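*Asks:* The structure file input39.tsv (TSV, C-alpha atoms) is provided below.
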```
chain	number	residue	atom	x	y	z
Z	17	MET	CA	-49.33	-24.44	-13.10
Z	18	ARG	CA	-46.04	-25.60	-14.64
Z	19	THR	CA	-45.53	-22.18	-16.27
Z	20	CYS	CA	-46.07	-20.49	-12.92
Z	21	VAL	CA	-43.43	-22.69	-11.24
Z	22	TRP	CA	-40.87	-21.96	-13.97
Z	23	ALA	CA	-41.60	-18.24	-13.79
Z	24	ALA	CA	-41.13	-18.30	-10.00
Z	25	ALA	CA	-37.84	-20.21	-10.37
Z	26	ALA	CA	-36.58	-17.68	-12.92
Z	27	VAL	CA	-37.42	-14.79	-10.57
Z	28	VAL	CA	-35.57	-16.50	-7.69
Z	29	LEU	CA	-32.47	-17.04	-9.85
Z	30	LEU	CA	-32.57	-13.47	-11.10
Z	31	VAL	CA	-32.80	-12.04	-7.58
Z	32	ALA	CA	-30.17	-14.42	-6.17
Z	33	SER	CA	-27.62	-13.62	-8.86
Z	34	PRO	CA	-25.28	-10.79	-7.71
Z	35	ALA	CA	-24.46	-9.80	-11.30
Z	36	ALA	CA	-28.12	-9.64	-12.27
Z	37	ALA	CA	-28.98	-7.62	-9.19
Z	38	GLY	CA	-26.16	-5.17	-9.80
Z	39	GLY	CA	-24.32	-6.64	-6.81
Z	40	GLN	CA	-20.92	-6.72	-8.47
Z	41	ARG	CA	-18.19	-5.79	-6.02
Z	42	SER	CA	-17.14	-2.19	-6.09
Z	43	VAL	CA	-13.44	-1.66	-6.70
Z	44	GLN	CA	-11.27	1.19	-5.44
Z	45	THR	CA	-8.30	2.08	-7.65
Z	46	ILE	CA	-5.20	3.41	-5.88
Z	47	GLY	CA	-2.00	4.91	-7.26
Z	48	LEU	CA	0.87	5.75	-4.90
Z	49	ASP	CA	4.25	7.36	-5.60
Z	50	ALA	CA	7.05	7.88	-3.07
Z	51	SER	CA	10.50	9.39	-3.42
Z	52	ALA	CA	13.30	10.74	-1.28
Z	53	GLY	CA	13.91	14.46	-1.58
Z	54	ASP	CA	17.36	13.87	-3.10
Z	55	GLY	CA	16.10	11.34	-5.67
Z	56	SER	CA	18.12	8.47	-4.21
Z	57	VAL	CA	14.98	6.37	-3.68
Z	58	SER	CA	11.74	6.30	-5.65
Z	59	GLY	CA	8.97	3.90	-6.50
Z	60	SER	CA	5.29	3.46	-7.20
Z	61	ALA	CA	2.35	1.19	-6.48
Z	62	ARG	CA	-0.84	0.54	-8.42
Z	63	LEU	CA	-3.54	-1.28	-6.48
Z	64	THR	CA	-7.18	-2.18	-6.36
Z	65	ALA	CA	-9.05	-2.61	-3.09
Z	66	THR	CA	-12.32	-4.44	-2.53
Z	67	ALA	CA	-14.20	-4.83	0.73
Z	68	GLU	CA	-13.90	-8.43	1.94
Z	69	ASN	CA	-14.59	-10.17	5.27
Z	70	ASN	CA	-14.65	-7.00	7.40
Z	71	GLY	CA	-11.42	-5.81	5.81
Z	72	TYR	CA	-9.96	-5.19	2.36
Z	73	ARG	CA	-8.45	-7.31	-0.40
Z	74	LEU	CA	-5.53	-5.49	-2.07
Z	75	LYS	CA	-4.28	-6.56	-5.49
Z	76	GLY	CA	-1.79	-5.00	-7.86
Z	77	TRP	CA	1.95	-4.30	-7.82
Z	78	VAL	CA	4.77	-2.30	-6.24
Z	79	GLU	CA	7.80	-1.19	-8.26
Z	80	SER	CA	11.09	0.43	-7.24
Z	81	ASP	CA	12.68	2.87	-9.67
Z	82	ARG	CA	15.68	3.26	-7.40
Z	83	GLY	CA	16.41	1.97	-3.88
Z	84	CYS	CA	13.86	0.22	-1.67
Z	85	VAL	CA	10.15	0.93	-1.30
Z	86	GLU	CA	7.69	-0.63	1.12
Z	87	LEU	CA	3.90	-0.85	0.94
Z	88	LYS	CA	2.26	-0.77	4.37
Z	89	ALA	CA	-1.28	-1.09	5.67
Z	90	VAL	CA	-1.82	1.31	8.58
Z	91	ASN	CA	-4.50	2.95	10.70
Z	92	MET	CA	-4.52	6.74	10.83
Z	93	HIS	CA	-4.88	8.51	14.19
Z	94	TRP	CA	-5.00	12.31	14.38
Z	95	GLY	CA	-3.20	12.81	11.08
Z	96	SER	CA	-0.39	10.27	11.54
Z	97	TYR	CA	0.17	6.55	11.95
Z	98	LEU	CA	2.34	4.29	14.07
Z	99	GLY	CA	3.43	0.84	12.99
Z	100	GLY	CA	1.16	-1.01	10.64
Z	101	ASP	CA	1.72	-4.17	8.66
Z	102	GLN	CA	4.19	-4.58	5.81
Z	103	ILE	CA	2.41	-5.84	2.71
Z	104	THR	CA	5.47	-6.02	0.49
Z	105	LYS	CA	8.91	-4.49	0.12
Z	106	THR	CA	11.08	-4.44	-2.98
Z	107	CYS	CA	14.55	-3.20	-3.78
Z	108	GLU	CA	14.71	-4.66	-7.29
Z	109	THR	CA	14.83	-1.87	-9.84
Z	110	LYS	CA	12.11	-1.96	-12.50
Z	111	VAL	CA	10.66	-5.25	-11.25
Z	112	ARG	CA	6.98	-5.26	-10.32
Z	113	ALA	CA	6.43	-7.12	-7.06
Z	114	PRO	CA	2.91	-8.58	-7.09
Z	115	VAL	CA	0.45	-7.70	-4.33
Z	116	ASP	CA	-2.39	-9.97	-3.24
Z	117	ALA	CA	-3.08	-9.36	0.44
Z	118	TRP	CA	-5.95	-8.99	2.89
Z	119	THR	CA	-5.84	-6.38	5.65
Z	120	HIS	CA	-7.99	-5.20	8.52
Z	121	HIS	CA	-6.25	-1.80	8.48
Z	122	THR	CA	-8.01	1.27	7.11
Z	123	ASP	CA	-5.26	2.99	5.09
Z	124	VAL	CA	-2.27	2.23	2.83
Z	125	VAL	CA	0.99	4.11	2.29
Z	126	LEU	CA	4.09	3.57	0.15
Z	127	SER	CA	7.38	4.46	1.84
Z	128	ALA	CA	10.70	5.26	0.18
Z	129	ILE	CA	13.26	3.78	2.57
Z	130	VAL	CA	16.16	6.21	2.95
Z	131	ASP	CA	19.46	4.88	4.35
Z	132	GLY	CA	20.58	6.99	7.29
Z	133	GLY	CA	17.58	9.30	7.14
Z	134	PRO	CA	13.84	9.43	7.64
Z	135	ASP	CA	11.69	7.40	5.26
Z	136	ARG	CA	9.57	9.42	2.84
Z	137	ASP	CA	5.91	8.50	2.53
Z	138	SER	CA	3.53	8.82	-0.37
Z	139	ARG	CA	0.12	10.27	0.28
Z	140	ILE	CA	-1.86	8.07	2.65
Z	141	VAL	CA	-5.01	6.61	1.10
Z	142	THR	CA	-8.06	5.56	3.10
Z	143	LEU	CA	-9.47	2.23	1.98
Z	144	THR	CA	-13.12	2.26	1.03
Z	145	GLY	CA	-13.34	-0.66	-1.38
Z	146	ARG	CA	-15.37	1.47	-3.81
```
Can the structure from this file be put into structure tokens for me?
*Replies:*
Amino acid sequence: MRTCVWAAAAVVLLVASPAAAGGQRSVQTIGLDASAGDGSVSGSARLTATAENNGYRLKGWVESDRGCVELKAVNMHWGSYLGGDQITKTCETKVRAPVDAWTHHTDVVLSAIVDGGPDRDSRIVTLTGR
């Protein structure tokens, strides 16, 4: 009887353990690069995204090579976006600004902020968390 109880407890622990059940969180890796057409502003971002609490946890960094760059979380509508939330902005050259943010938005974009002109966006990436 004792052996049966221990075997049942081991099965419960095995099933309840996310790592044992293969339930490790999936991670989406994202790389973004943005630059102005004239080379006056450029930067990059390297992020991971995981699904969390009906949104996404973003971790990584944003770096400016020249000028100011801004990482934004946005929602795409018919091929474009309006507004969104700023995650981080940096104007410090060759300094990696850390990112650790949660968002309910569905997409991320890195913008090169151009003085006196339109900002230039990186490709827009849809968050999947996997």
*Asks:* Which residues come within 9 Å of Leu48 (chain Z), counting all atoms listed in the file, excluding same-chain residues fewer than 5 positions away, as JSON, numbers by chain?
*Replies:* {"Z": [59, 60, 61, 62, 63, 125, 126, 138, 139, 140, 141]}
*Asks:* For the residues in that selection, give me C-alpha atoms as a PDB file, keeping the file's coordinate frame.
*Replies:*
```pdb
ATOM      1  CA  GLY Z  59       8.970   3.900  -6.500  1.00  0.00           C
ATOM      2  CA  SER Z  60       5.290   3.460  -7.200  1.00  0.00           C
ATOM      3  CA  ALA Z  61       2.350   1.190  -6.480  1.00  0.00           C
ATOM      4  CA  ARG Z  62      -0.840   0.540  -8.420  1.00  0.00           C
ATOM      5  CA  LEU Z  63      -3.540  -1.280  -6.480  1.00  0.00           C
ATOM      6  CA  VAL Z 125       0.990   4.110   2.290  1.00  0.00           C
ATOM      7  CA  LEU Z 126       4.090   3.570   0.150  1.00  0.00           C
ATOM      8  CA  SER Z 138       3.530   8.820  -0.370  1.00  0.00           C
ATOM      9  CA  ARG Z 139       0.120  10.270   0.280  1.00  0.00           C
ATOM     10  CA  ILE Z 140      -1.860   8.070   2.650  1.00  0.00           C
ATOM     11  CA  VAL Z 141      -5.010   6.610   1.100  1.00  0.00           C
TER      12      VAL Z 141
END
```
*Asks:* Between Z:Gly100, Z:Gly47, Z:Gly53, Z:Gly95, single out the one closest to Gly76 (chain Z), counting all atoms listed in the file.
*Replies:*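 Looking only at the distances to Gly76 (chain Z), the closest residue turns out to be Z:Gly47.
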*Asks:* May I have the residues within 7 Å of Asp81 (chain Z) as a list in words, using only C-alpha atoms and disregarding those fewer than 4 positions away in the same chain?
*Replies:*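 Counting only the stated atoms, we get Ser58, Gly59, Thr109 and Lys110 of chain Z.
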*Asks:* Kindly give the distance, in Å, that separates CA of Trp77 (chain Z) and CA of Met92 (chain Z), rounded to a single decimal.
*Replies:* 22.6 Å
*Asks:* For a quick check of your reading of the model, name the residues lying within 8 Å of the coordinate (7.1, -1.8, 2.4), counting only C-alpha atoms, and write them as a list in words.
*Replies:*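 Every residue inside that radius is included here: Val85, Glu86, Leu87, Lys88, Gln102, Ile103, Thr104, Lys105, Thr106, Leu126 and Ser127 of chain Z.
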*Asks:* Please list as a list of chain:residue names every residue within 12 Å of Asn70 (chain Z), counting all atoms listed in the file and excluding residues in the same chain fewer than 2 positions away.
*Replies:*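 Neighbouring residues, sequence-local ones excluded: Z:Thr66, Z:Ala67, Z:Glu68, Z:Tyr72, Z:Arg73, Z:Trp118, Z:Thr119, Z:His120, Z:His121, Z:Thr122, Z:Leu143, Z:Thr144, Z:Gly145.
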*Asks:* Find, counting only C-alpha atoms, the residue in Z:Ala117, Z:Ile129, Z:Ile46, Z:Ala65 that gets nearest to Gly83 (chain Z).
*Replies:*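 Closest candidate: Z:Ile129.
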*Asks:* Tell me, in Å to one decimal, how far CA of Gly99 (chain Z) is from CA of Asp135 (chain Z).
*Replies:*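 Those two atoms sit 13.1 Å apart.
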*Asks:* Of the candidates Z:Thr64, Z:Gln44, Z:Ser51, Z:Ser96, which shows the shortest atom-to-atom distance to Ser80 (chain Z), using all atoms listed in the file?
*Replies:*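 Distance minimum relative to Ser80 (chain Z) lands on Z:Ser51.
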